[in-house]
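Dropping upload11.tsv in here (TSV, C-alpha atoms):
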```
chain	number	residue	atom	x	y	z
R	939	MET	CA	0.00	0.00	0.00
R	940	HIS	CA	1.45	3.35	-1.04
R	941	PRO	CA	1.41	6.43	1.21
R	942	GLU	CA	-1.05	9.25	0.55
R	943	ARG	CA	1.22	12.12	1.56
R	944	LEU	CA	4.90	12.11	0.64
R	945	LEU	CA	7.63	14.56	1.55
R	946	LEU	CA	10.20	14.50	-1.24
R	947	HIS	CA	13.69	15.73	-0.47
R	948	VAL	CA	14.73	17.59	-3.64
R	949	CYS	CA	18.44	17.98	-4.25
R	950	CYS	CA	18.09	20.33	-7.24
R	951	ALA	CA	15.74	21.44	-9.99
R	952	PRO	CA	17.09	19.16	-12.76
R	953	CYS	CA	16.63	16.13	-10.54
R	954	SER	CA	12.98	16.97	-9.90
R	955	ALA	CA	11.78	16.84	-13.50
R	956	TYR	CA	11.17	13.09	-13.63
R	957	PRO	CA	10.72	12.03	-9.97
R	958	VAL	CA	7.83	14.37	-9.15
R	959	PRO	CA	5.45	13.17	-11.88
R	960	ALA	CA	6.66	9.58	-11.50
R	961	LEU	CA	5.98	9.52	-7.76
R	962	ARG	CA	2.58	11.12	-8.27
R	963	GLU	CA	1.59	7.91	-9.98
R	964	LEU	CA	2.05	6.23	-6.59
R	965	VAL	CA	1.19	8.97	-4.12
R	966	SER	CA	-1.76	11.37	-3.96
R	967	GLN	CA	0.19	14.34	-2.59
R	968	VAL	CA	3.89	15.13	-3.09
R	969	THR	CA	5.49	18.07	-1.29
R	970	GLY	CA	9.02	19.16	-2.11
R	971	PHE	CA	11.63	19.79	0.57
R	972	PHE	CA	14.83	21.67	-0.28
R	973	CYS	CA	17.46	20.95	2.37
R	974	ASN	CA	20.95	20.88	0.91
R	975	PRO	CA	23.52	22.58	3.17
R	976	ASN	CA	26.21	20.73	1.23
R	977	ILE	CA	25.88	23.11	-1.72
R	978	GLN	CA	28.82	25.52	-1.79
R	979	PRO	CA	29.59	28.36	-2.15
R	980	GLU	CA	26.59	30.32	-0.86
R	981	ALA	CA	26.00	31.91	-4.26
R	982	GLU	CA	25.72	28.45	-5.84
R	983	HIS	CA	23.24	27.40	-3.18
R	984	GLY	CA	21.14	30.44	-3.98
R	985	ARG	CA	21.34	29.81	-7.70
R	986	ARG	CA	20.13	26.22	-7.37
R	987	LEU	CA	17.30	27.17	-5.03
R	988	GLU	CA	16.21	29.92	-7.40
R	989	ALA	CA	16.12	27.46	-10.29
R	990	LEU	CA	14.00	25.05	-8.28
R	991	GLU	CA	11.61	27.78	-7.16
R	992	SER	CA	11.22	28.77	-10.81
R	993	PHE	CA	10.67	25.20	-11.98
R	994	ALA	CA	8.36	24.01	-9.19
R	995	PRO	CA	5.21	25.71	-10.56
R	996	ALA	CA	5.61	23.82	-13.84
R	997	LEU	CA	5.46	20.61	-11.81
R	998	GLY	CA	2.65	21.87	-9.60
R	999	LEU	CA	4.98	21.24	-6.69
R	1000	GLU	CA	4.55	22.89	-3.32
R	1001	LEU	CA	8.05	23.58	-2.03
R	1002	ILE	CA	9.34	23.93	1.53
R	1003	THR	CA	12.81	25.35	2.10
R	1004	ALA	CA	14.63	24.26	5.23
R	1005	ALA	CA	16.18	26.88	7.47
R	1006	ALA	CA	18.33	24.21	9.12
R	1007	PRO	CA	20.60	22.32	9.09
R	1008	GLY	CA	22.98	24.88	7.63
R	1009	ALA	CA	26.42	24.95	6.08
R	1010	GLU	CA	28.11	24.81	9.50
R	1011	ASP	CA	26.14	21.67	10.38
R	1012	TRP	CA	27.22	20.04	7.12
R	1013	ALA	CA	30.86	20.92	7.74
R	1014	ALA	CA	30.68	19.45	11.23
R	1015	ALA	CA	29.01	16.28	9.94
R	1016	VAL	CA	31.76	15.50	7.41
R	1017	ARG	CA	34.81	16.90	9.23
R	1018	GLY	CA	37.42	14.21	9.72
R	1019	ARG	CA	35.29	11.77	7.72
R	1020	GLU	CA	36.41	12.64	4.21
R	1021	GLY	CA	36.50	9.00	3.18
R	1022	GLU	CA	32.81	8.67	4.02
R	1023	ARG	CA	31.81	12.22	3.14
R	1024	CYS	CA	28.88	11.20	0.98
R	1025	ARG	CA	27.40	8.89	3.63
R	1026	HIS	CA	27.34	11.62	6.27
R	1027	CYS	CA	26.09	14.18	3.76
R	1028	TYR	CA	23.20	11.91	2.78
R	1029	GLU	CA	22.40	11.18	6.41
R	1030	LEU	CA	22.25	14.85	7.40
R	1031	ARG	CA	19.84	15.76	4.61
R	1032	LEU	CA	17.67	12.66	4.81
R	1033	ARG	CA	17.33	12.90	8.58
R	1034	ALA	CA	16.11	16.47	8.17
R	1035	ALA	CA	13.62	15.25	5.57
R	1036	ALA	CA	12.32	12.47	7.80
R	1037	ARG	CA	11.84	14.84	10.71
R	1038	GLU	CA	10.06	17.38	8.52
R	1039	ALA	CA	7.81	14.63	7.16
R	1040	ARG	CA	6.88	13.67	10.69
R	1041	ARG	CA	6.24	17.29	11.66
R	1042	LEU	CA	3.93	17.75	8.68
R	1043	GLY	CA	2.11	14.49	9.27
R	1044	CYS	CA	3.27	12.95	5.99
R	1045	ASP	CA	3.05	9.18	5.60
R	1046	ALA	CA	6.57	8.79	4.21
R	1047	PHE	CA	9.60	10.56	2.80
R	1048	SER	CA	11.76	9.98	-0.25
R	1049	THR	CA	14.52	11.76	-2.20
R	1050	THR	CA	15.43	12.77	-5.74
R	1051	LEU	CA	18.93	11.46	-5.02
R	1052	LEU	CA	17.48	8.14	-6.20
R	1053	TYR	CA	17.14	9.63	-9.69
R	1054	SER	CA	20.69	10.73	-10.44
R	1055	ILE	CA	22.93	8.22	-12.19
R	1056	HIS	CA	25.90	10.05	-10.66
R	1057	GLN	CA	24.92	9.51	-7.02
R	1058	LYS	CA	25.82	6.45	-4.95
R	1059	HIS	CA	22.42	4.84	-5.31
R	1060	GLU	CA	22.76	1.87	-2.99
R	1061	LEU	CA	24.36	4.05	-0.32
R	1062	VAL	CA	21.46	6.52	-0.55
R	1063	ARG	CA	19.00	3.65	-0.19
R	1064	SER	CA	20.87	2.17	2.77
R	1065	VAL	CA	21.25	5.45	4.64
R	1066	ALA	CA	17.60	6.34	4.01
R	1067	GLY	CA	16.54	3.01	5.47
R	1068	GLU	CA	18.65	3.60	8.58
R	1069	VAL	CA	17.19	7.08	9.01
R	1070	ALA	CA	13.63	5.78	8.53
R	1071	ARG	CA	14.08	3.21	11.28
R	1072	ALA	CA	15.70	5.70	13.65
R	1073	GLU	CA	13.11	8.42	13.10
R	1074	GLY	CA	10.05	6.19	12.82
R	1075	VAL	CA	9.03	7.55	9.42
R	1076	PRO	CA	8.66	5.16	6.44
R	1077	PHE	CA	10.96	5.66	3.46
R	1078	LEU	CA	9.44	5.24	0.00
R	1079	TYR	CA	12.00	3.64	-2.30
R	1080	ARG	CA	11.84	3.64	-6.06
R	1081	ASP	CA	14.70	3.37	-8.52
R	1082	LEU	CA	14.11	6.57	-10.47
R	1083	ARG	CA	17.19	6.26	-12.67
R	1084	GLU	CA	14.95	4.73	-15.32
R	1085	GLY	CA	13.77	8.23	-16.18
R	1086	TRP	CA	17.21	9.88	-16.40
R	1087	ALA	CA	17.04	10.69	-20.12
R	1088	GLN	CA	13.38	11.67	-20.02
R	1089	GLY	CA	13.88	14.00	-17.09
R	1090	GLY	CA	16.94	15.55	-18.68
R	1091	ARG	CA	15.03	16.43	-21.82
R	1092	ALA	CA	12.14	17.89	-19.83
R	1093	TYR	CA	14.38	20.09	-17.73
R	1094	ARG	CA	16.59	21.31	-20.59
R	1095	ALA	CA	13.43	22.60	-22.30
R	1096	SER	CA	12.91	24.96	-19.35
R	1097	GLY	CA	16.15	26.81	-20.08
R	1098	LEU	CA	16.85	27.12	-16.35
R	1099	TYR	CA	20.21	26.77	-14.61
R	1100	ARG	CA	21.91	23.36	-14.65
R	1101	GLN	CA	24.80	22.80	-12.27
R	1102	ARG	CA	28.05	21.08	-13.16
R	1103	TYR	CA	29.03	19.43	-9.88
R	1104	CYS	CA	27.34	17.57	-7.05
R	1105	GLY	CA	27.29	20.38	-4.52
R	1106	CYS	CA	30.15	20.51	-2.01
R	1107	LEU	CA	33.47	22.13	-2.79
R	1108	PRO	CA	35.36	18.81	-2.62
R	1109	SER	CA	33.11	17.46	-5.38
R	1110	ALA	CA	33.86	20.54	-7.49
R	1111	LEU	CA	37.60	20.02	-6.98
R	1112	GLU	CA	37.25	16.35	-7.95
R	1113	ARG	CA	35.42	17.39	-11.11
R	1114	ASP	CA	38.18	19.84	-12.02
R	1115	ALA	CA	40.89	17.27	-11.33
R	1116	LYS	CA	39.17	14.78	-13.59
R	1117	ARG	CA	38.93	17.34	-16.38
R	1118	ARG	CA	42.65	18.14	-16.09
R	1119	ALA	CA	43.69	14.49	-16.05
R	1120	PRO	CA	45.64	13.48	-19.19
R	1121	PRO	CA	44.02	11.08	-21.67
R	1122	THR	CA	44.90	7.41	-21.29
R	1123	ALA	CA	46.17	5.26	-24.12
R	1124	ALA	CA	42.58	4.38	-24.94
R	1125	GLY	CA	41.75	8.05	-25.33
R	1126	THR	CA	39.72	8.32	-22.16
R	1127	ARG	CA	40.51	10.39	-19.11
R	1128	THR	CA	41.99	9.02	-15.95
R	1129	VAL	CA	39.37	8.38	-13.29
R	1130	VAL	CA	39.91	10.15	-9.99
R	1131	PRO	CA	38.82	7.88	-7.12
R	1132	GLY	CA	35.64	9.13	-5.49
R	1133	ALA	CA	34.99	11.76	-8.14
R	1134	GLN	CA	31.40	12.47	-9.11
R	1135	GLU	CA	30.13	13.67	-12.45
R	1136	PRO	CA	27.65	16.55	-12.78
R	1137	THR	CA	24.28	15.70	-11.30
R	1138	SER	CA	22.45	16.77	-14.41
```
Re-express the file's structure as structure tokens.
Amino acid sequence: MHPERLLLHVCCAPCSAYPVPALRELVSQVTGFFCNPNIQPEAEHGRRLEALESFAPALGLELITAAAPGAEDWAAAVRGREGERCRHCYELRLRAAAREARRLGCDAFSTTLLYSIHQKHELVRSVAGEVARAEGVPFLYRDLREGWAQGGRAYRASGLYRQRYCGCLPSALERDAKRRAPPTAAGTRTVVPGAQEPTS
């Protein structure tokens, strides 16, 4: 049985294009929740939020923007844990989503992180499950990567901003390092361990 009211953690506007309509096939009411203190610098955070606020009406999506946790909370969560940065980043954002879902009386929470082919899908699913059990709020899982191409086309048609890195400054540095890496003998670029491609 699917929930009636879902709080959907939205990582960015491009990653909302497919998940919102897809999840509406399962859930009567989907509310968006923007909580991404990982996005750096502040100007980039503002740019991504502005894009989502501009795109949300096209999806008919009510959007809630979190005041907390903030950038300092994110930094504290990942400090000294660089090898597991993504795990702690996911946990911080998904825990905030679960708590907001409970506050609003939603039946479950989910996340658009399940849509991106550049995210660590199984890690997102695992962390979300742990958070759901700890917070007592069900997590709605669906592998949304199936709609990657479809969502990309839909969002590009909007002409709105599309970011080029995951969000945190380390991910931006990893992207730049990968771009500077010399071609291999096969003509491809050297892979930098842990590097993530653009999310859209």
Legend entry - From R:Val948, R:Leu1107, R:Leu997, R:Val1062, residue lying nearest Tyr1093 (chain R) [all atoms listed in the file]: R:Leu997
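Compared by their closest atoms to Leu964 (chain R), and using all atoms listed in the file, the residues R:Val1016, R:Val1075, R:Leu944, R:Ala1036 rank with R:Leu944 nearest.
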Legend entry - Nearest candidate to Ala1009 (chain R) (options R:Pro941, R:His983, R:Glu991, R:His1026; using only C-alpha atoms): R:His983
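Counting only C-alpha atoms, the residue from R:Pro1076, R:Gly1089, R:Pro1121, R:Pro1108 that sits nearest to Tyr956 (chain R) is R:Gly1089.
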Legend entry - Pick from R:Ala1087, R:Ala1039, R:Val1065, R:Met939, whichever lies nearest to Cys953 (chain R) using only C-alpha atoms: R:Ala1087
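Ranking R:Glu1022, R:Glu1038, R:Glu1112, R:Glu980 by their shortest atom-to-atom distance to Ala1006 (chain R), with only C-alpha atoms included, puts R:Glu1038 first.
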Report the centre and edge lengths, in Å to one decimal, of an axis-aligned box enclosing every atom of region 1063-1069 of chain R listed in the file, padded by 3 Å on each side, as AutoDock Vina command-line options.
```
--center_x 18.9 --center_y 4.6 --center_z 4.4 --size_x 10.7 --size_y 10.9 --size_z 15.2
```
Residues near Pro979 (chain R), cut-off 12 Å, all atoms listed in the file, skip fewer than 4 positions along chain, as a CSV table (one decimal) with C-alpha atoms, in the coordinates of the input:
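Saved result, selection-v5.csv, follows:
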```
chain,number,residue,atom,x,y,z
R,974,ASN,CA,21.0,20.9,0.9
R,975,PRO,CA,23.5,22.6,3.2
R,983,HIS,CA,23.2,27.4,-3.2
R,984,GLY,CA,21.1,30.4,-4.0
R,985,ARG,CA,21.3,29.8,-7.7
R,986,ARG,CA,20.1,26.2,-7.4
R,1009,ALA,CA,26.4,25.0,6.1
R,1103,TYR,CA,29.0,19.4,-9.9
R,1105,GLY,CA,27.3,20.4,-4.5
R,1106,CYS,CA,30.2,20.5,-2.0
R,1107,LEU,CA,33.5,22.1,-2.8
R,1108,PRO,CA,35.4,18.8,-2.6
R,1109,SER,CA,33.1,17.5,-5.4
R,1110,ALA,CA,33.9,20.5,-7.5
```
Legend entry - Separation of CA of Phe1047 (chain R) from CA of Gly970 (chain R), in Å and rounded to one decimal: 9.9 Å
Inset, instruction - Fewer than 5 positions away in the same chain doesn't count, so skip those; otherwise give me all residues within 8 Å of Leu1032 (chain R), counting only C-alpha atoms, as a PyMOL selection string. - result: chain R and resi 947+1049+1066+1069
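Atom pair CA of Arg1017 (chain R) / CA of Ile1002 (chain R): separated by 27.5 Å.
The two atoms in question, CA of Ala996 (chain R) and CA of Gln967 (chain R), are spaced 15.7 Å apart.
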